[in-house]
Amino acid sequence: RDAWVYKRNLEGLQLSAKQDRLILKTLRWKKPYSEKVFELQRIDALASERLAGSPHVINTYGLCGMSTFNDFAGGGNFETYMKENDFTPEELLAFARNISVGLADVHEINVGVIDPDDPPGVPKNIGTIVHHDLGDHNLLLMDDHRVMISDFNAAQLMKWNFGEGKSCDFLWWIKECGLSVRGSNRSPEECAGDQRN
């Protein structure tokens with residue numbers, strides 16, 4: 001997606017932090033619309049909505065089709081920041097803690113695949129989102145140096161198999177592994193072709 005800095009008329013908006021800018025993310029001008037891409041944006045919006053209470057996940061303030069308004073990360077992406085700066089062990093530990101807590105927030109939410117009236121034995125709190133592209137390029141640094149997880153448009157929503165009493169297996173749609181390609185940040189098990197459960 002393309003990202004645009006939005007600086008106008010933020011008065012009256014209830015933002016998560018004192019900000020003078022937001023980011024407007026849109027479908028790239030030359031990229032054609034497709035239902036698959038639209039579904040990925042829908043999952044991104046759903047994840048962002050459910051994670052709005054996490055101080056470690058970028059907030060979305062509005063969306064329409066393929067476009068979203070998000071927090072502005074004044075420190076840029078973590079990938080660039082790590083390459084351009086030196087850190088103390090304490091600073092690195094603080095970054096790792098923020099990322100871990102943010103990932104725990106992602107794995108603790110339930111996006112509604114389990115109904116409160118489900119039969120006994122069905123868990124009421126299962127992790128239902130797999131980010132699938134969690135790398136330093138999708139970690140953003142706020143002005144106060146908090147590291148925030150962003151970009152859930154490659155995420156997978158887990159489904160529940162009521163007959164077997166477990167989450168459904170799935171395979172990720174990006175086949176490449178170990179490449180420096182966005183979306184190929186996966187575990188060795190996934191690279192080996194194992195289904196995730």
# chains A, B, ... in the order shown; residues from 1 in each chain; ligands from 1

$ residues_around --residues "A:Leu22" --least-positions-apart "6" --cutoff "7 Å" --atoms "only C-alpha atoms" --output "PDB file with N, CA and C atoms, in the first residue's frame"
ATOM      1  N   VAL A   5       1.091  11.128   4.668  1.00  0.00           N
ATOM      2  CA  VAL A   5       1.002  11.828   5.952  1.00  0.00           C
ATOM      3  C   VAL A   5      -0.164  12.802   5.879  1.00  0.00           C
ATOM      4  N   TYR A   6      -1.043  12.734   6.889  1.00  0.00           N
ATOM      5  CA  TYR A   6      -2.212  13.617   6.971  1.00  0.00           C
ATOM      6  C   TYR A   6      -2.014  14.555   8.158  1.00  0.00           C
ATOM      7  N   LYS A   7      -1.968  15.872   7.895  1.00  0.00           N
ATOM      8  CA  LYS A   7      -1.661  16.838   8.944  1.00  0.00           C
ATOM      9  C   LYS A   7      -2.815  17.780   9.261  1.00  0.00           C
ATOM     10  N   PHE A  69      -6.913   5.115   8.168  1.00  0.00           N
ATOM     11  CA  PHE A  69      -6.190   6.150   8.901  1.00  0.00           C
ATOM     12  C   PHE A  69      -5.570   5.485  10.113  1.00  0.00           C
ATOM     13  N   ASN A  70      -4.240   5.616  10.270  1.00  0.00           N
ATOM     14  CA  ASN A  70      -3.517   4.969  11.365  1.00  0.00           C
ATOM     15  C   ASN A  70      -2.683   5.979  12.138  1.00  0.00           C
ATOM     16  N   ASP A  71      -2.220   5.537  13.342  1.00  0.00           N
ATOM     17  CA  ASP A  71      -1.254   6.326  14.094  1.00  0.00           C
ATOM     18  C   ASP A  71      -0.067   6.660  13.212  1.00  0.00           C
ATOM     19  N   PHE A  72       0.490   7.843  13.429  1.00  0.00           N
ATOM     20  CA  PHE A  72       1.730   8.226  12.763  1.00  0.00           C
ATOM     21  C   PHE A  72       2.897   7.797  13.645  1.00  0.00           C
TER      22      PHE A  72
END

$ atom_distance --atom1 "atom CA of A:His131" --atom2 "atom CA of A:Ala155"
4.3 Å

$ atom_distance --atom1 "atom CA of A:Leu140" --atom2 "atom CA of A:Gln156"
20.7 Å

$ select_by_dssp --residues "stretch 56-145 of chain A" --states "helix (DSSP H, G or I)" --output "MDAnalysis selection string"
chainID A and resid 78:84 89:108 136:138

$ write_last_selection --atoms "N, CA and C atoms" --output "mmCIF file, in the first residue's frame"
data_model
loop_
_atom_site.group_PDB
_atom_site.id
_atom_site.type_symbol
_atom_site.label_atom_id
_atom_site.label_comp_id
_atom_site.auth_asym_id
_atom_site.auth_seq_id
_atom_site.Cartn_x
_atom_site.Cartn_y
_atom_site.Cartn_z
ATOM 1 N N PHE A 78 11.175 0.079 12.490
ATOM 2 C CA PHE A 78 12.185 -0.454 13.398
ATOM 3 C C PHE A 78 13.399 -0.983 12.643
ATOM 4 N N GLU A 79 13.166 -1.504 11.457
ATOM 5 C CA GLU A 79 14.246 -2.037 10.622
ATOM 6 C C GLU A 79 15.313 -0.969 10.380
ATOM 7 N N THR A 80 14.895 0.201 9.932
ATOM 8 C CA THR A 80 15.819 1.299 9.661
ATOM 9 C C THR A 80 16.432 1.822 10.956
ATOM 10 N N TYR A 81 15.612 1.984 11.983
ATOM 11 C CA TYR A 81 16.079 2.518 13.264
ATOM 12 C C TYR A 81 17.182 1.647 13.862
ATOM 13 N N MET A 82 17.031 0.335 13.795
ATOM 14 C CA MET A 82 18.034 -0.580 14.359
ATOM 15 C C MET A 82 19.361 -0.489 13.596
ATOM 16 N N LYS A 83 19.299 -0.283 12.288
ATOM 17 C CA LYS A 83 20.517 -0.211 11.484
ATOM 18 C C LYS A 83 21.277 1.098 11.705
ATOM 19 N N GLU A 84 20.551 2.157 12.040
ATOM 20 C CA GLU A 84 21.164 3.484 12.118
ATOM 21 C C GLU A 84 21.588 3.883 13.529
ATOM 22 N N PRO A 89 22.274 -2.762 26.223
ATOM 23 C CA PRO A 89 21.525 -3.996 26.455
ATOM 24 C C PRO A 89 20.154 -3.722 27.088
ATOM 25 N N GLU A 90 20.069 -2.721 27.953
ATOM 26 C CA GLU A 90 18.798 -2.389 28.603
ATOM 27 C C GLU A 90 17.775 -1.886 27.582
ATOM 28 N N GLU A 91 18.231 -1.076 26.626
ATOM 29 C CA GLU A 91 17.326 -0.572 25.592
ATOM 30 C C GLU A 91 16.835 -1.713 24.705
ATOM 31 N N LEU A 92 17.736 -2.616 24.343
ATOM 32 C CA LEU A 92 17.345 -3.765 23.523
ATOM 33 C C LEU A 92 16.344 -4.647 24.261
ATOM 34 N N LEU A 93 16.563 -4.829 25.562
ATOM 35 C CA LEU A 93 15.634 -5.622 26.369
ATOM 36 C C LEU A 93 14.263 -4.955 26.434
ATOM 37 N N ALA A 94 14.231 -3.639 26.559
ATOM 38 C CA ALA A 94 12.959 -2.911 26.584
ATOM 39 C C ALA A 94 12.215 -3.074 25.255
ATOM 40 N N PHE A 95 12.951 -2.997 24.133
ATOM 41 C CA PHE A 95 12.322 -3.213 22.825
ATOM 42 C C PHE A 95 11.738 -4.628 22.744
ATOM 43 N N ALA A 96 12.521 -5.618 23.155
ATOM 44 C CA ALA A 96 12.070 -7.008 23.097
ATOM 45 C C ALA A 96 10.832 -7.211 23.961
ATOM 46 N N ARG A 97 10.820 -6.594 25.140
ATOM 47 C CA ARG A 97 9.664 -6.708 26.027
ATOM 48 C C ARG A 97 8.420 -6.115 25.359
ATOM 49 N N ASN A 98 8.532 -4.916 24.776
ATOM 50 C CA ASN A 98 7.379 -4.283 24.128
ATOM 51 C C ASN A 98 6.841 -5.129 22.980
ATOM 52 N N ILE A 99 7.736 -5.678 22.185
ATOM 53 C CA ILE A 99 7.315 -6.518 21.064
ATOM 54 C C ILE A 99 6.634 -7.784 21.580
ATOM 55 N N SER A 100 7.192 -8.398 22.614
ATOM 56 C CA SER A 100 6.614 -9.623 23.187
ATOM 57 C C SER A 100 5.238 -9.369 23.781
ATOM 58 N N VAL A 101 5.097 -8.268 24.503
ATOM 59 C CA VAL A 101 3.789 -7.945 25.090
ATOM 60 C C VAL A 101 2.780 -7.665 23.980
ATOM 61 N N GLY A 102 3.210 -6.961 22.937
ATOM 62 C CA GLY A 102 2.316 -6.712 21.806
ATOM 63 C C GLY A 102 1.884 -8.000 21.131
ATOM 64 N N LEU A 103 2.805 -8.926 20.945
ATOM 65 C CA LEU A 103 2.460 -10.206 20.339
ATOM 66 C C LEU A 103 1.531 -11.010 21.241
ATOM 67 N N ALA A 104 1.754 -10.937 22.550
ATOM 68 C CA ALA A 104 0.836 -11.598 23.493
ATOM 69 C C ALA A 104 -0.560 -10.999 23.371
ATOM 70 N N ASP A 105 -0.652 -9.677 23.208
ATOM 71 C CA ASP A 105 -1.963 -9.036 23.001
ATOM 72 C C ASP A 105 -2.632 -9.580 21.743
ATOM 73 N N VAL A 106 -1.854 -9.735 20.669
ATOM 74 C CA VAL A 106 -2.401 -10.271 19.412
ATOM 75 C C VAL A 106 -2.953 -11.676 19.624
ATOM 76 N N HIS A 107 -2.222 -12.508 20.353
ATOM 77 C CA HIS A 107 -2.620 -13.904 20.522
ATOM 78 C C HIS A 107 -3.700 -14.107 21.567
ATOM 79 N N GLU A 108 -4.003 -13.089 22.362
ATOM 80 C CA GLU A 108 -5.025 -13.235 23.394
ATOM 81 C C GLU A 108 -6.419 -12.854 22.934
ATOM 82 N N ASP A 136 10.970 -6.831 11.427
ATOM 83 C CA ASP A 136 11.296 -5.467 11.824
ATOM 84 C C ASP A 136 10.719 -4.406 10.889
ATOM 85 N N HIS A 137 10.350 -4.782 9.662
ATOM 86 C CA HIS A 137 9.718 -3.823 8.750
ATOM 87 C C HIS A 137 8.274 -3.534 9.143
ATOM 88 N N ASN A 138 7.638 -4.399 9.943
ATOM 89 C CA ASN A 138 6.270 -4.176 10.409
ATOM 90 C C ASN A 138 6.214 -3.815 11.883
#

$ closest_residue --among "A:Ala3, A:Ile129, A:Val37, A:Leu24" --to "A:Leu63" --atoms "only C-alpha atoms"
A:Leu24

$ atom_distance --atom1 "atom CA of A:Asp86" --atom2 "atom CA of A:Ala73"
19.8 Å

$ select_by_dssp --residues "stretch 26-113 of chain A" --states "strand (DSSP E or B)" --output "list in words"
Thr26, Val57, Thr60, Tyr61, Gly62, Leu63, Cys64, Ser67, Thr68, Phe69, Asn70, Asp71, Gly76 and Asn77 of chain A
